[in-house]
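The structure appears right after this line, and notes come after that.
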Amino acid sequence: MRKKDRSPVFAALAIQAVVFGGLYLLRPLVEEAIGRPVPLLWLVLAQGLIAGIATRGFGFSAPWVIGQVIAPPLLLLALALDLPSWIFPVILILLLLVFWNVAVGRVPLFLTNRTTSAALLKLLPQKKGLHMADLGSGLGGTLRHLAKERPAAQFTGLETAPLPFALSWMLGRLNGAKNLDFRFRDIFKEDLGKFDVVYCFLSPVPMPALFEKAKAEMKPGSLFISNSFEVPGRKPQRTVKVDDRRQTKLLIWKM
Ligand SMILES: C[S@@+](CC[C@H](N)C(=O)[O-])C[C@H]1O[C@@H](n2cnc3c(N)ncnc32)[C@H](O)[C@@H]1O
């Protein structure tokens with residue numbers, strides 16, 4: 001992931017630290033004003049709420065805000081349950097392995113639903129030897145579905161979050177499809193010129209740079225499809241509205 005995107009975790013932690021410091025200083029004043037101690041639960045809920053509002057104020061997306069709001073009460077709950085101390089680093093490591101790209105690139109893990117995969121299938125050109133990539137393939141479900149429906153085409157998933165990659169690779173193997181492969185690879189390091197269709201479902205953050213890369217590398221006539229996320233100043237040639245619960249939009253550019 002590019003260097004300039006490497007700060008959200010530290011920013012989120014810094015927000016929690018500043019809010020904690022503020023509440024620590026304010027607590028005695030509030031207790032004096034109301035004439036009794038402030039319950040710890042109130043403090044923790046206030047910490048989460050204020051950190052969440054501040055995080056939103058700094059322009060973070062919804063998953064970050066939700067994480068900031070629920071982290072302090074969850075920590076209190078874990079402490080109250082008196083869990084063994086090794087559980088905290090283990091949970092942290094597991095979360096990092098799954099949400100690696102939230103930490104380094106502000107791209108969360110959420111998955112393309114079946115209705116959208118079906119809409120994608122209809123968009124695939126009937127070209128012999130078609131090669132499609134899912135940039136940031138998550139658990140690989142979209143490609144497993146497409147690979148089954150289009151056995152003569154080739155499908156490649158690129159993923160750098162360790163646990164989703166391992167799962168997608170294993171499920172791909174179990175699936176046995178010969179036209180499907182998953183690679184542990186940063187999408188910005190892959191040459192996009194070999195793909196006829198590039199699909200991505202990422203976040204607003206990487207879209208401008210990714211689109212410029214696609215423009216520079218993809219062959220004329222190939223398709224760049226973004227699930228939901230626009231490219232500022234680059235109008236798609238076509239938008240397909242999917243009839244699913246979230247009213248997904250597939251934005252399509254012909255290179
Ligand atoms: C919103 S999920 C989409 C998963 C899958 N494409 C789908 O539609 O079901 C985005 C995925 O992109 C991965 N990702 C983000 N940045 C990446 C990068 N630079 N290189 C590889 N994978 C990346 C994340 O780890 C995450 O699994």
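Ligands are numbered from 1 in the order shown, chains are lettered A, B, ... in the order of the structure tokens, and residues start at 1 in each chain.
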Exercise for the section: Throw together the list of residues within 9 Å of ligand 1, counting only C-alpha atoms and all ligand atoms, and drop it here as a PyMOL selection string. Expected result: chain A and resi 1-2+98-102+104-113+117+134-143+157-162+164-165+184-189+199-203+206+227
Exercise for the section: Tell me, as a list in words, which residues lie within 12 Å of A:Ala119, counting only C-alpha atoms; anything in the same chain fewer than 6 positions away does not count. Expected result: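 That gives Thr112, Asn113, Thr142, His145, Leu146, Ile225, Asn227, Thr239, Val240, Lys241, Val242, Asp243, Asp244, Thr248, Lys249, Leu250 and Leu251 of chain A.
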Output of the above residues as a CSV table (one decimal), in the first residue's frame, restricted to N, CA, C and O atoms:
```csv
chain,number,residue,atom,x,y,z
A,112,THR,N,-19.2,-8.8,-1.9
A,112,THR,CA,-20.1,-8.6,-3.0
A,112,THR,C,-21.2,-9.7,-2.8
A,112,THR,O,-20.9,-10.9,-2.5
A,113,ASN,N,-22.5,-9.2,-2.8
A,113,ASN,CA,-23.6,-10.2,-2.6
A,113,ASN,C,-23.9,-11.0,-3.9
A,113,ASN,O,-23.4,-10.7,-5.0
A,142,THR,N,-17.0,-14.1,-4.9
A,142,THR,CA,-17.5,-13.6,-6.2
A,142,THR,C,-16.8,-14.4,-7.4
A,142,THR,O,-17.5,-14.9,-8.3
A,145,HIS,N,-18.0,-18.0,-7.8
A,145,HIS,CA,-19.3,-18.1,-8.5
A,145,HIS,C,-19.1,-17.9,-10.0
A,145,HIS,O,-19.6,-18.7,-10.8
A,146,LEU,N,-18.3,-16.9,-10.3
A,146,LEU,CA,-18.2,-16.6,-11.8
A,146,LEU,C,-17.4,-17.7,-12.5
A,146,LEU,O,-17.7,-18.0,-13.6
A,225,ILE,N,-14.6,-2.2,-13.8
A,225,ILE,CA,-15.9,-2.1,-13.1
A,225,ILE,C,-15.7,-1.9,-11.6
A,225,ILE,O,-15.0,-2.6,-10.9
A,227,ASN,N,-17.5,-1.5,-8.0
A,227,ASN,CA,-18.8,-1.7,-7.2
A,227,ASN,C,-18.9,-0.5,-6.3
A,227,ASN,O,-18.0,-0.3,-5.4
A,239,THR,N,-23.7,2.8,-16.0
A,239,THR,CA,-23.9,2.4,-14.6
A,239,THR,C,-25.1,1.4,-14.6
A,239,THR,O,-26.1,1.6,-15.1
A,240,VAL,N,-24.8,0.2,-13.9
A,240,VAL,CA,-25.8,-0.8,-13.8
A,240,VAL,C,-26.4,-0.8,-12.4
A,240,VAL,O,-25.6,-0.9,-11.4
A,241,LYS,N,-27.7,-0.6,-12.2
A,241,LYS,CA,-28.3,-0.5,-10.9
A,241,LYS,C,-28.7,-2.0,-10.6
A,241,LYS,O,-29.5,-2.5,-11.3
A,242,VAL,N,-28.2,-2.5,-9.5
A,242,VAL,CA,-28.5,-3.9,-9.1
A,242,VAL,C,-29.7,-3.8,-8.1
A,242,VAL,O,-29.8,-3.0,-7.2
A,243,ASP,N,-30.7,-4.7,-8.3
A,243,ASP,CA,-31.9,-4.7,-7.5
A,243,ASP,C,-31.6,-5.5,-6.2
A,243,ASP,O,-32.3,-6.5,-6.0
A,244,ASP,N,-30.7,-5.1,-5.4
A,244,ASP,CA,-30.4,-5.8,-4.1
A,244,ASP,C,-30.8,-4.9,-3.0
A,244,ASP,O,-31.3,-3.7,-3.2
A,248,THR,N,-27.0,-1.6,-5.0
A,248,THR,CA,-25.7,-1.5,-5.5
A,248,THR,C,-25.6,-0.9,-6.9
A,248,THR,O,-26.5,-1.2,-7.7
A,249,LYS,N,-24.6,-0.1,-7.1
A,249,LYS,CA,-24.4,0.4,-8.4
A,249,LYS,C,-23.0,-0.1,-9.0
A,249,LYS,O,-22.0,0.0,-8.3
A,250,LEU,N,-23.1,-0.7,-10.2
A,250,LEU,CA,-21.8,-1.1,-10.8
A,250,LEU,C,-21.4,0.0,-11.8
A,250,LEU,O,-22.2,0.3,-12.7
A,251,LEU,N,-20.3,0.6,-11.6
A,251,LEU,CA,-19.8,1.7,-12.5
A,251,LEU,C,-18.9,1.1,-13.5
A,251,LEU,O,-17.9,0.5,-13.1
```
Exercise for the section: Would you mind telling me which residue in A:Ala147, A:Met255, A:Leu40, A:Met218 lies nearest to A:Arg234 when using only C-alpha atoms? Expected result: A:Met255
Problem - Selection near stretch 67-75 of chain A, 9 Å with only C-alpha atoms, sequence-local residues under 5 positions removed, as a list of chain:residue names - result: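 Non-adjacent residues within range: A:Ala12, A:Leu13, A:Ile15, A:Gln16, A:Leu41, A:Val44, A:Leu45, A:Ala46, A:Gln47, A:Gly48, A:Leu49, A:Ile50, A:Ala51, A:Gly52, A:Ile53, A:Thr55, A:Ala62, A:Ala80.
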Export N, CA, C and O atoms of the chosen residues as an mmCIF file, in the first residue's frame?
```cif
data_model
loop_
_atom_site.group_PDB
_atom_site.id
_atom_site.type_symbol
_atom_site.label_atom_id
_atom_site.label_comp_id
_atom_site.auth_asym_id
_atom_site.auth_seq_id
_atom_site.Cartn_x
_atom_site.Cartn_y
_atom_site.Cartn_z
ATOM 1 N N ALA A 12 -6.593 7.089 14.582
ATOM 2 C CA ALA A 12 -7.712 6.611 15.399
ATOM 3 C C ALA A 12 -7.280 6.432 16.852
ATOM 4 O O ALA A 12 -7.992 6.831 17.784
ATOM 5 N N LEU A 13 -6.089 5.871 17.058
ATOM 6 C CA LEU A 13 -5.580 5.684 18.425
ATOM 7 C C LEU A 13 -5.319 7.034 19.093
ATOM 8 O O LEU A 13 -5.602 7.220 20.275
ATOM 9 N N ILE A 15 -6.892 9.800 18.507
ATOM 10 C CA ILE A 15 -8.190 10.392 18.889
ATOM 11 C C ILE A 15 -8.642 9.800 20.228
ATOM 12 O O ILE A 15 -9.048 10.514 21.141
ATOM 13 N N GLN A 16 -8.538 8.456 20.350
ATOM 14 C CA GLN A 16 -8.954 7.814 21.613
ATOM 15 C C GLN A 16 -8.117 8.365 22.771
ATOM 16 O O GLN A 16 -8.635 8.635 23.854
ATOM 17 N N LEU A 41 -18.996 3.079 33.672
ATOM 18 C CA LEU A 41 -19.693 2.773 32.421
ATOM 19 C C LEU A 41 -20.031 4.056 31.650
ATOM 20 O O LEU A 41 -19.884 4.116 30.433
ATOM 21 N N VAL A 44 -16.920 5.327 29.983
ATOM 22 C CA VAL A 44 -16.517 4.520 28.833
ATOM 23 C C VAL A 44 -17.440 4.795 27.637
ATOM 24 O O VAL A 44 -16.985 4.914 26.498
ATOM 25 N N LEU A 45 -18.753 4.933 27.934
ATOM 26 C CA LEU A 45 -19.694 5.229 26.841
ATOM 27 C C LEU A 45 -19.411 6.620 26.262
ATOM 28 O O LEU A 45 -19.434 6.820 25.042
ATOM 29 N N ALA A 46 -19.091 7.567 27.143
ATOM 30 C CA ALA A 46 -18.765 8.927 26.672
ATOM 31 C C ALA A 46 -17.491 8.901 25.831
ATOM 32 O O ALA A 46 -17.406 9.553 24.784
ATOM 33 N N GLN A 47 -16.528 8.114 26.273
ATOM 34 C CA GLN A 47 -15.257 7.999 25.526
ATOM 35 C C GLN A 47 -15.538 7.534 24.091
ATOM 36 O O GLN A 47 -15.071 8.121 23.121
ATOM 37 N N GLY A 48 -16.347 6.455 23.984
ATOM 38 C CA GLY A 48 -16.641 5.901 22.660
ATOM 39 C C GLY A 48 -17.395 6.906 21.792
ATOM 40 O O GLY A 48 -17.070 7.111 20.624
ATOM 41 N N LEU A 49 -18.410 7.546 22.412
ATOM 42 C CA LEU A 49 -19.252 8.476 21.657
ATOM 43 C C LEU A 49 -18.446 9.677 21.156
ATOM 44 O O LEU A 49 -18.511 10.033 19.967
ATOM 45 N N ILE A 50 -17.655 10.272 22.052
ATOM 46 C CA ILE A 50 -16.891 11.473 21.651
ATOM 47 C C ILE A 50 -15.828 11.081 20.611
ATOM 48 O O ILE A 50 -15.630 11.775 19.613
ATOM 49 N N ALA A 51 -15.168 9.931 20.848
ATOM 50 C CA ALA A 51 -14.145 9.490 19.885
ATOM 51 C C ALA A 51 -14.790 9.233 18.520
ATOM 52 O O ALA A 51 -14.227 9.570 17.478
ATOM 53 N N GLY A 52 -16.004 8.642 18.539
ATOM 54 C CA GLY A 52 -16.714 8.360 17.282
ATOM 55 C C GLY A 52 -17.035 9.656 16.543
ATOM 56 O O GLY A 52 -16.821 9.770 15.333
ATOM 57 N N ILE A 53 -17.550 10.659 17.281
ATOM 58 C CA ILE A 53 -17.911 11.942 16.641
ATOM 59 C C ILE A 53 -16.650 12.609 16.076
ATOM 60 O O ILE A 53 -16.637 13.095 14.936
ATOM 61 N N THR A 55 -13.897 11.154 15.176
ATOM 62 C CA THR A 55 -13.407 10.360 14.044
ATOM 63 C C THR A 55 -14.179 10.706 12.776
ATOM 64 O O THR A 55 -13.610 10.863 11.704
ATOM 65 N N ALA A 62 -17.670 5.123 7.817
ATOM 66 C CA ALA A 62 -18.547 4.544 8.849
ATOM 67 C C ALA A 62 -17.904 3.390 9.635
ATOM 68 O O ALA A 62 -18.020 3.367 10.871
ATOM 69 N N ALA A 80 -14.085 -6.766 32.570
ATOM 70 C CA ALA A 80 -15.046 -7.218 33.575
ATOM 71 C C ALA A 80 -15.163 -8.741 33.560
ATOM 72 O O ALA A 80 -15.377 -9.370 34.599
#
```
Problem - Distance of atom CA of A:Ser228 from atom CA of A:Ala152, expressed in Å to one decimal place - result: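 Computed distance, atom CA of A:Ala152 to atom CA of A:Ser228, equals 27.8 Å.
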Exercise for the section: Go through A:Ser61, A:Phe88, A:Lys254, A:Val30 one by one, measure the shortest atom-to-atom distance of each to A:Pro204 using only C-alpha atoms, and give the residue with the smallest value. Expected result: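 Among the listed residues, A:Ser61 lies closest to A:Pro204.
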